[in-house]
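Enquirer: One file: query_1.cif (mmCIF, C-alpha atoms).
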data_data
#
loop_
_atom_site.label_atom_id
_atom_site.label_comp_id
_atom_site.auth_asym_id
_atom_site.auth_seq_id
_atom_site.Cartn_x
_atom_site.Cartn_y
_atom_site.Cartn_z
CA MET C 1176 0.00 0.00 0.00
CA ALA C 1177 1.54 3.26 -1.15
CA GLU C 1178 1.73 6.21 1.23
CA ILE C 1179 -0.54 9.07 0.21
CA LYS C 1180 -0.28 12.73 1.14
CA LEU C 1181 -3.58 13.88 2.61
CA PRO C 1182 -4.82 17.46 2.74
CA LYS C 1183 -6.09 18.91 6.04
CA ILE C 1184 -9.70 18.64 4.89
CA ALA C 1185 -11.65 16.20 2.72
CA LEU C 1186 -14.72 17.22 0.73
CA GLY C 1187 -17.85 15.12 0.99
CA ALA C 1188 -20.15 14.30 -1.91
CA TRP C 1189 -22.96 12.71 0.15
CA ALA C 1190 -25.45 15.42 -0.82
CA TRP C 1191 -24.53 14.93 -4.48
CA GLY C 1192 -26.40 11.63 -4.34
CA ASN C 1193 -29.76 13.44 -4.04
CA ASP C 1194 -31.04 10.72 -1.72
CA GLY C 1195 -33.37 12.97 0.30
CA THR C 1196 -31.12 13.39 3.32
CA PHE C 1197 -30.52 17.07 2.62
CA GLY C 1198 -33.90 18.03 1.22
CA SER C 1199 -34.56 19.10 -2.35
CA GLY C 1200 -32.46 17.80 -5.20
CA ILE C 1201 -29.26 19.45 -6.36
CA ASP C 1202 -28.75 20.33 -10.03
CA THR C 1203 -25.58 18.63 -11.25
CA ALA C 1204 -24.74 21.69 -13.33
CA GLU C 1205 -24.44 23.68 -10.10
CA LEU C 1206 -21.83 21.29 -8.73
CA LYS C 1207 -19.19 21.61 -11.46
CA PRO C 1208 -18.06 25.13 -10.40
CA ILE C 1209 -17.84 23.85 -6.82
CA PHE C 1210 -15.60 21.00 -7.89
CA ASP C 1211 -13.42 23.32 -9.96
CA ALA C 1212 -13.06 25.81 -7.10
CA ALA C 1213 -12.04 23.04 -4.73
CA MET C 1214 -9.35 21.73 -7.03
CA VAL C 1215 -7.93 25.23 -7.50
CA ALA C 1216 -7.86 25.60 -3.69
CA GLY C 1217 -5.89 22.37 -3.36
CA LEU C 1218 -8.78 20.49 -1.74
CA ASN C 1219 -8.45 17.36 -3.84
CA LEU C 1220 -9.61 14.56 -1.52
CA TRP C 1221 -13.19 13.55 -2.35
CA ASP C 1222 -15.29 11.26 -0.17
CA THR C 1223 -18.19 9.37 -1.72
CA ALA C 1224 -20.05 6.05 -1.51
CA TYR C 1225 -22.34 3.89 -3.62
CA ALA C 1226 -24.95 4.29 -0.87
CA TYR C 1227 -25.15 8.02 -1.60
CA GLY C 1228 -27.95 7.76 -4.13
CA MET C 1229 -27.12 4.21 -5.23
CA GLY C 1230 -24.20 5.30 -7.38
CA THR C 1231 -25.46 8.80 -8.16
CA SER C 1232 -22.81 10.62 -6.13
CA GLU C 1233 -20.04 8.48 -7.64
CA LYS C 1234 -21.22 9.10 -11.20
CA VAL C 1235 -21.56 12.85 -10.73
CA LEU C 1236 -18.06 13.05 -9.30
CA ALA C 1237 -16.75 10.83 -12.10
CA ASP C 1238 -17.97 13.30 -14.74
CA PHE C 1239 -15.88 16.04 -13.14
CA LEU C 1240 -12.77 13.87 -12.82
CA GLU C 1241 -12.77 12.80 -16.45
CA GLY C 1242 -9.61 13.89 -18.23
CA LEU C 1243 -7.76 15.03 -15.11
CA PRO C 1244 -4.36 13.52 -14.26
CA ARG C 1245 -4.88 10.64 -11.83
CA ASP C 1246 -2.30 12.01 -9.43
CA SER C 1247 -4.15 15.34 -9.14
CA TYR C 1248 -6.92 13.99 -6.90
CA LEU C 1249 -7.66 11.39 -4.22
CA ILE C 1250 -10.84 9.30 -4.04
CA SER C 1251 -12.30 7.81 -0.89
CA ASP C 1252 -15.08 5.28 -1.54
CA LYS C 1253 -16.91 2.71 0.56
CA LEU C 1254 -18.16 -0.84 0.62
CA THR C 1255 -21.59 -0.61 2.26
CA PRO C 1256 -22.56 -4.10 3.51
CA GLN C 1257 -26.28 -3.47 2.99
CA CYS C 1258 -25.65 -2.67 -0.68
CA VAL C 1259 -23.47 -5.69 -1.49
CA ASP C 1260 -24.76 -8.44 -3.79
CA ALA C 1261 -24.17 -11.31 -1.37
CA SER C 1262 -25.10 -13.81 -4.09
CA ALA C 1263 -22.10 -12.89 -6.25
CA ASP C 1264 -19.16 -15.31 -6.39
CA ASP C 1265 -17.01 -12.58 -4.82
CA PRO C 1266 -19.31 -9.85 -3.41
CA VAL C 1267 -16.46 -7.48 -2.54
CA CYS C 1268 -14.96 -7.78 -6.01
CA ALA C 1269 -18.39 -7.20 -7.58
CA MET C 1270 -19.06 -4.07 -5.51
CA HIS C 1271 -15.53 -2.67 -5.79
CA ASP C 1272 -15.27 -3.19 -9.56
CA MET C 1273 -18.76 -1.77 -10.15
CA GLN C 1274 -17.75 1.37 -8.26
CA LEU C 1275 -14.53 1.67 -10.23
CA GLU C 1276 -16.52 1.36 -13.44
CA PHE C 1277 -18.99 4.03 -12.31
CA MET C 1278 -16.09 6.37 -11.65
CA GLY C 1279 -13.90 5.46 -14.61
CA LEU C 1280 -10.97 4.65 -12.32
CA ASP C 1281 -8.46 1.84 -12.02
CA ARG C 1282 -8.05 2.17 -8.24
CA PHE C 1283 -9.27 3.96 -5.13
CA ASP C 1284 -6.96 5.79 -2.75
CA ILE C 1285 -9.00 4.94 0.35
CA TYR C 1286 -11.58 2.17 0.66
CA TRP C 1287 -13.85 1.76 3.67
CA VAL C 1288 -16.06 -0.83 5.30
CA HIS C 1289 -18.95 1.59 5.69
CA ASN C 1290 -20.59 0.28 8.85
CA THR C 1291 -20.61 -2.64 11.26
CA SER C 1292 -23.31 -4.78 9.66
CA GLU C 1293 -21.67 -8.23 9.82
CA ALA C 1294 -18.44 -6.26 10.19
CA PRO C 1295 -16.02 -9.15 10.80
CA ARG C 1296 -17.34 -10.93 7.73
CA TRP C 1297 -16.98 -7.95 5.40
CA THR C 1298 -13.72 -6.74 6.88
CA ARG C 1299 -12.26 -10.20 6.33
CA ALA C 1300 -13.63 -10.27 2.77
CA VAL C 1301 -12.07 -6.89 2.02
CA ALA C 1302 -8.77 -8.07 3.51
CA GLU C 1303 -8.81 -11.21 1.38
CA PHE C 1304 -9.63 -9.18 -1.73
CA PHE C 1305 -6.65 -6.84 -1.29
CA ASP C 1306 -4.23 -9.40 0.15
CA GLY C 1307 -0.97 -9.27 -1.83
CA ARG C 1308 -2.15 -6.61 -4.27
CA ASP C 1309 0.26 -3.83 -5.17
CA ASP C 1310 -2.67 -1.47 -5.74
CA ALA C 1311 -4.20 -1.97 -2.29
CA PRO C 1312 -5.60 1.35 -1.06
CA MET C 1313 -5.54 2.74 2.45
CA ILE C 1314 -8.23 0.67 4.16
CA GLY C 1315 -10.56 2.17 6.72
CA VAL C 1316 -13.64 1.43 8.76
CA SER C 1317 -16.53 3.77 9.44
CA ASN C 1318 -19.07 3.91 12.28
CA HIS C 1319 -17.11 1.35 14.32
CA ASN C 1320 -16.55 1.44 18.08
CA LEU C 1321 -13.14 0.85 19.65
CA ALA C 1322 -13.49 -2.91 20.03
CA GLU C 1323 -14.66 -3.23 16.42
CA ILE C 1324 -11.79 -1.03 15.22
CA LYS C 1325 -9.22 -3.19 16.99
CA GLU C 1326 -10.85 -6.32 15.58
CA ALA C 1327 -10.72 -4.89 12.05
CA ASP C 1328 -7.04 -4.01 12.41
CA ALA C 1329 -6.25 -7.53 13.62
CA ILE C 1330 -8.08 -9.08 10.67
CA LEU C 1331 -6.27 -6.86 8.18
CA ARG C 1332 -2.88 -7.66 9.72
CA GLU C 1333 -3.55 -11.36 9.22
CA HIS C 1334 -3.47 -10.56 5.50
CA GLY C 1335 -0.37 -8.38 5.49
CA LEU C 1336 -2.40 -5.18 5.62
CA ARG C 1337 -3.23 -2.70 8.37
CA LEU C 1338 -5.99 -0.34 9.31
CA GLY C 1339 -5.11 3.08 7.92
CA ALA C 1340 -8.17 5.15 8.75
CA VAL C 1341 -11.28 5.44 10.89
CA GLN C 1342 -14.25 7.56 9.86
CA ASN C 1343 -16.82 8.44 12.54
CA HIS C 1344 -19.35 11.15 13.25
CA LEU C 1345 -17.55 13.74 15.36
CA SER C 1346 -18.61 17.28 16.19
CA LEU C 1347 -18.94 19.67 19.10
CA ILE C 1348 -22.26 18.00 19.97
CA ASN C 1349 -21.14 14.42 19.36
CA ARG C 1350 -17.73 13.71 20.86
CA SER C 1351 -18.27 10.06 21.79
CA SER C 1352 -15.35 8.96 19.59
CA ILE C 1353 -13.13 11.04 21.88
CA GLY C 1354 -14.61 9.95 25.20
CA SER C 1355 -14.49 6.30 24.17
CA GLY C 1356 -10.75 6.42 23.50
CA ILE C 1357 -11.06 5.93 19.73
CA LEU C 1358 -9.25 9.12 18.80
CA ASP C 1359 -6.40 8.42 21.23
CA TRP C 1360 -6.05 4.87 19.86
CA CYS C 1361 -5.86 6.22 16.31
CA LYS C 1362 -3.12 8.68 17.26
CA GLU C 1363 -1.15 5.98 19.07
CA ASN C 1364 -1.38 3.59 16.11
CA ASP C 1365 -0.79 6.02 13.23
CA VAL C 1366 -4.37 5.71 12.02
CA VAL C 1367 -5.95 8.78 10.41
CA PHE C 1368 -9.24 9.77 12.06
CA PHE C 1369 -11.69 11.26 9.55
CA SER C 1370 -14.41 13.27 11.28
CA TYR C 1371 -17.67 13.52 9.39
CA MET C 1372 -20.66 15.77 10.06
CA VAL C 1373 -18.50 18.31 11.90
CA LEU C 1374 -21.09 20.91 10.87
CA GLU C 1375 -23.99 18.58 11.72
CA GLN C 1376 -25.36 18.92 8.18
CA GLY C 1377 -25.46 22.70 8.51
CA ALA C 1378 -26.85 22.89 12.06
CA LEU C 1379 -23.55 24.42 13.26
CA SER C 1380 -23.14 26.84 10.37
CA GLY C 1381 -25.26 29.70 11.70
CA LYS C 1382 -27.58 29.40 8.72
CA TYR C 1383 -30.52 27.89 10.61
CA ASP C 1384 -32.39 29.07 13.70
CA THR C 1385 -35.91 28.99 15.15
CA THR C 1386 -37.10 31.51 12.58
CA HIS C 1387 -35.18 29.86 9.72
CA PRO C 1388 -35.53 26.08 10.17
CA MET C 1389 -34.14 23.39 7.92
CA PRO C 1390 -36.32 22.38 4.96
CA GLU C 1391 -39.26 20.29 6.10
CA GLY C 1392 -39.33 16.76 4.78
CA SER C 1393 -35.59 16.31 4.92
CA ALA C 1394 -34.00 13.77 7.24
CA ARG C 1395 -31.84 16.41 8.87
CA ALA C 1396 -34.84 18.63 9.66
CA ALA C 1397 -36.39 15.86 11.73
CA THR C 1398 -33.23 15.73 13.87
CA TYR C 1399 -32.22 19.37 14.22
CA ASN C 1400 -35.37 21.49 13.93
CA PRO C 1401 -36.71 20.34 17.34
CA VAL C 1402 -33.53 21.61 19.05
CA LEU C 1403 -32.91 24.81 17.11
CA ASP C 1404 -33.37 26.86 20.28
CA LYS C 1405 -30.36 25.08 21.83
CA LEU C 1406 -28.39 25.26 18.61
CA GLU C 1407 -28.95 29.03 18.53
CA VAL C 1408 -27.06 29.30 21.82
CA LEU C 1409 -24.10 27.32 20.50
CA ASN C 1410 -24.10 29.15 17.18
CA ALA C 1411 -24.00 32.46 19.04
CA LYS C 1412 -20.80 31.35 20.77
CA LEU C 1413 -19.40 30.09 17.48
CA ALA C 1414 -20.11 33.53 16.04
CA GLU C 1415 -18.08 35.16 18.83
CA VAL C 1416 -15.11 32.91 18.16
CA ALA C 1417 -15.47 33.39 14.41
CA GLU C 1418 -15.41 37.18 14.82
CA ALA C 1419 -12.26 36.97 16.93
CA HIS C 1420 -10.51 35.13 14.09
CA GLY C 1421 -12.05 37.14 11.26
CA VAL C 1422 -13.82 34.14 9.71
CA GLY C 1423 -17.35 32.84 9.22
CA ILE C 1424 -19.27 30.74 11.75
CA ALA C 1425 -19.07 27.57 9.65
CA GLN C 1426 -15.29 27.68 9.70
CA VAL C 1427 -15.03 27.34 13.47
CA PRO C 1428 -16.42 23.78 13.92
CA VAL C 1429 -14.10 22.65 11.11
CA ALA C 1430 -11.14 24.37 12.75
CA TRP C 1431 -12.16 22.70 16.04
CA ALA C 1432 -12.07 19.27 14.37
CA ILE C 1433 -8.60 19.98 13.00
CA ALA C 1434 -7.45 21.19 16.43
CA LYS C 1435 -8.56 17.83 17.88
CA GLY C 1436 -6.16 16.08 15.49
CA THR C 1437 -8.73 14.84 12.99
CA LEU C 1438 -9.23 15.21 9.24
CA PRO C 1439 -12.73 16.66 8.79
CA ILE C 1440 -14.95 15.82 5.86
CA VAL C 1441 -16.92 18.87 4.79
CA GLY C 1442 -19.94 18.48 2.54
CA VAL C 1443 -19.96 20.98 -0.31
CA THR C 1444 -23.02 22.06 -2.28
CA LYS C 1445 -22.11 25.72 -2.82
CA GLU C 1446 -18.89 27.49 -3.81
CA ARG C 1447 -18.81 29.32 -0.48
CA HIS C 1448 -18.54 25.95 1.25
CA VAL C 1449 -15.24 25.43 -0.55
CA THR C 1450 -14.04 28.92 0.37
CA ASP C 1451 -15.02 28.31 4.00
CA ALA C 1452 -13.26 24.94 4.07
CA ALA C 1453 -10.04 26.36 2.65
CA ALA C 1454 -10.09 29.21 5.17
CA ALA C 1455 -10.89 26.87 8.08
CA ALA C 1456 -7.67 24.99 7.44
CA THR C 1457 -5.75 28.13 8.39
CA VAL C 1458 -7.63 28.93 11.63
CA GLU C 1459 -5.84 28.03 14.87
CA LEU C 1460 -8.17 28.02 17.88
CA THR C 1461 -6.73 28.58 21.34
CA ASP C 1462 -7.01 25.89 24.01
CA ALA C 1463 -9.34 28.22 25.92
CA GLU C 1464 -11.65 28.60 22.92
CA VAL C 1465 -11.77 24.85 22.39
CA ALA C 1466 -12.60 24.27 26.08
CA GLU C 1467 -15.30 26.96 26.15
CA LEU C 1468 -17.00 25.60 23.05
CA GLU C 1469 -16.99 22.05 24.40
CA GLN C 1470 -18.30 23.06 27.83
CA LEU C 1471 -21.15 25.01 26.27
CA ALA C 1472 -22.00 22.17 23.91
CA ASP C 1473 -22.10 19.74 26.84
CA SER C 1474 -24.40 22.00 28.84
CA LEU C 1475 -26.99 21.99 26.05
CA GLY C 1476 -27.44 18.21 26.15
CA ILE C 1477 -28.22 17.78 22.43
CA ASN C 1478 -28.46 14.20 21.18
CA ALA C 1479 -26.94 14.17 17.69
CA ILE C 1480 -26.69 10.38 17.23
CA ARG C 1481 -28.36 9.53 13.93
CA PHE C 1482 -30.40 6.47 12.98
CA TRP C 1483 -27.54 4.67 11.21
CA GLU C 1484 -25.02 4.97 14.02
CA LYS C 1485 -24.48 4.39 17.71
CA GLU C 1486 -22.87 6.18 20.59
CA MET C 1487 -19.26 5.08 20.78
CA ARG C 1488 -18.32 3.47 24.09
#
Using the file provided, produce a representation of the structure as structure tokens.

Expert:
Amino acid sequence: MAEIKLPKIALGAWAWGNDGTFGSGIDTAELKPIFDAAMVAGLNLWDTAYAYGMGTSEKVLADFLEGLPRDSYLISDKLTPQCVDASADDPVCAMHDMQLEFMGLDRFDIYWVHNTSEAPRWTRAVAEFFDGRDDAPMIGVSNHNLAEIKEADAILREHGLRLGAVQNHLSLINRSSIGSGILDWCKENDVVFFSYMVLEQGALSGKYDTTHPMPEGSARAATYNPVLDKLEVLNAKLAEVAEAHGVGIAQVPVAWAIAKGTLPIVGVTKERHVTDAAAAATVELTDAEVAELEQLADSLGINAIRFWEKEMR
């Protein structure tokens, strides 16, 4: 497995799948300028999955990658156990090769076991698939607790591989991957921790409040709209910190995630999201600011665990 140089921030293409999680559909034509702006800014690590619209996100991203030098970008994709054709002779090969075909690629840079559904089985299958291959990507697991992460690493090592990355939900209002010891374990074992939903799908961006709720009918609205009064309090503090650093509110939670030693994945559906992400990579929060933000978040008691995940213990 070749070493890869990772940027400080990855860009997420979940919303590009138009699967209803974020509300109304996104016009693909609107996404191309976003992609172009990101590449100019040096944000070239893209995170996607077949599960994001059953291949839609992958195909949209593939259109933008066409014709670019392969070494100019990095692709992070996932094997989602619930989407695998278990009847195939080699289900991992079938899923992996289908995804490569969708994206017009010959390899992925990072490949994940997306969740813990029959995790040992699928981790072992992924390990067997990449065993001895010169083109083996960095292999990661997502939505795993500490015991499951250690188990995955042990399985991979049996096949001459190792766990290179962990991807879990981590934000100011969901820090269970820190309290459980996962982040410390990753640092001790040279495993990159990718933090997703650091902005809680826009809830920590300052864009939404009790008078401007998230779009009804979206999955995120059902989670965050009932607690917008509490989120207003946290966003007000984020605004104070943002003003002190001369940046926007949305840049502070991303800077917090970087300060914790993680690589945040920021979803991008507008060009300003790219600008914010690039600027966030330059913000250095003080220890006092980090502590104040975390103490306030704790006092609000917001439950941000989503239906597909669990609290890490």

Enquirer: Please write as a PyMOL selection string the full residue list that the PyMOL selection byres ((chain C and resi 1486) around 12) yields on this file.

Expert: chain C and resi 1318-1321+1343-1345+1348-1355+1357+1478-1485+1487-1488

Enquirer: Applying the PyMOL selection byres ((chain C and resi 1395) around 9) to the file I just gave you, which residues come out? Please list them as number ranges by chain.

Expert: C: 1196-1198, 1375-1378, 1389-1394, 1396-1400

Enquirer: Give me a file of those residues, with C-alpha atoms, as a PDB file, keeping the file's coordinate frame.

Expert:
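That gives us part-v2.pdb:
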ATOM      1  CA  THR C1196     -31.120  13.390   3.320  1.00  0.00           C
ATOM      2  CA  PHE C1197     -30.520  17.070   2.620  1.00  0.00           C
ATOM      3  CA  GLY C1198     -33.900  18.030   1.220  1.00  0.00           C
ATOM      4  CA  GLU C1375     -23.990  18.580  11.720  1.00  0.00           C
ATOM      5  CA  GLN C1376     -25.360  18.920   8.180  1.00  0.00           C
ATOM      6  CA  GLY C1377     -25.460  22.700   8.510  1.00  0.00           C
ATOM      7  CA  ALA C1378     -26.850  22.890  12.060  1.00  0.00           C
ATOM      8  CA  MET C1389     -34.140  23.390   7.920  1.00  0.00           C
ATOM      9  CA  PRO C1390     -36.320  22.380   4.960  1.00  0.00           C
ATOM     10  CA  GLU C1391     -39.260  20.290   6.100  1.00  0.00           C
ATOM     11  CA  GLY C1392     -39.330  16.760   4.780  1.00  0.00           C
ATOM     12  CA  SER C1393     -35.590  16.310   4.920  1.00  0.00           C
ATOM     13  CA  ALA C1394     -34.000  13.770   7.240  1.00  0.00           C
ATOM     14  CA  ALA C1396     -34.840  18.630   9.660  1.00  0.00           C
ATOM     15  CA  ALA C1397     -36.390  15.860  11.730  1.00  0.00           C
ATOM     16  CA  THR C1398     -33.230  15.730  13.870  1.00  0.00           C
ATOM     17  CA  TYR C1399     -32.220  19.370  14.220  1.00  0.00           C
ATOM     18  CA  ASN C1400     -35.370  21.490  13.930  1.00  0.00           C
TER      19      ASN C1400
END

Enquirer: For the structure shown, which residues end up in the PyMOL selection byres ((chain C and resi 1369) around 10)? Put them as a list of chain:residue names, please?

Expert: C:Ile1184, C:Ala1185, C:Gly1315, C:Ser1317, C:Ala1340, C:Val1341, C:Gln1342, C:Asn1343, C:His1344, C:Leu1345, C:Leu1358, C:Val1366, C:Val1367, C:Phe1368, C:Ser1370, C:Tyr1371, C:Ala1432, C:Ile1433, C:Gly1436, C:Thr1437, C:Leu1438, C:Pro1439, C:Ile1440

Enquirer: Under the rule that all atoms listed in the file are counted, which of C:Tyr1227, C:Tyr1248, C:Trp1287, C:Trp1297 is the nearest residue to Ala1261 in chain C?

Expert: C:Trp1297

Enquirer: Using only C-alpha atoms, which protein or nucleic acid residues come within 8 Å of range 1452-1454 of chain C? Drop anything in the same chain fewer than 5 positions from it, and give the result as a list in words.

Expert: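 Skipping anything fewer than 5 positions along the chain leaves Ile1184, Ala1216, Leu1218, Val1422, Gln1426, Val1429 and Val1441 of chain C.
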
Enquirer: Which of these residues is nearest to Glu1333 in chain C, using only C-alpha atoms: C:Gly1230, C:Pro1428, C:Gly1307, C:Gly1476?

Expert: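 Checking each of C:Gly1230, C:Pro1428, C:Gly1307, C:Gly1476 against Glu1333 in chain C, counting only C-alpha atoms, the winner is C:Gly1307.
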
Enquirer: For range 1448-1457 of chain C, I'd like the enclosing box, axis-aligned and padded by 3 Å on every side, reported as AutoDock Vina command-line options with centre and edge lengths in Å to one decimal.

Expert:
--center_x -12.1 --center_y 27.1 --center_z 3.9 --size_x 18.8 --size_y 10.3 --size_z 14.9

Enquirer: Please indicate the distance in Å from CA of His1334 in chain C to CA of Asp1310 in chain C, rounded to one decimal place.

Expert: 14.5 Å

Enquirer: Using all atoms listed in the file, which protein or nucleic acid residues come within 10 Å of Asp1238 in chain C? Drop anything in the same chain fewer than 2 positions from it, and give the result as a PDB file with C-alpha atoms, in the coordinates of the input.

Expert:
ATOM      1  CA  THR C1203     -25.580  18.630 -11.250  1.00  0.00           C
ATOM      2  CA  LYS C1207     -19.190  21.610 -11.460  1.00  0.00           C
ATOM      3  CA  GLU C1233     -20.040   8.480  -7.640  1.00  0.00           C
ATOM      4  CA  LYS C1234     -21.220   9.100 -11.200  1.00  0.00           C
ATOM      5  CA  VAL C1235     -21.560  12.850 -10.730  1.00  0.00           C
ATOM      6  CA  LEU C1236     -18.060  13.050  -9.300  1.00  0.00           C
ATOM      7  CA  LEU C1240     -12.770  13.870 -12.820  1.00  0.00           C
ATOM      8  CA  GLU C1241     -12.770  12.800 -16.450  1.00  0.00           C
ATOM      9  CA  GLY C1242      -9.610  13.890 -18.230  1.00  0.00           C
ATOM     10  CA  PHE C1277     -18.990   4.030 -12.310  1.00  0.00           C
ATOM     11  CA  MET C1278     -16.090   6.370 -11.650  1.00  0.00           C
ATOM     12  CA  GLY C1279     -13.900   5.460 -14.610  1.00  0.00           C
TER      13      GLY C1279
END

Enquirer: Compare C:Trp1431, C:Phe1304, C:Trp1360, C:Tyr1383 by their minimum atom-to-atom distance to Leu1347 in chain C, counting only C-alpha atoms, and give me the closest one.

Expert: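 Of C:Trp1431, C:Phe1304, C:Trp1360, C:Tyr1383, the one nearest Leu1347 in chain C is C:Trp1431, counting only C-alpha atoms.
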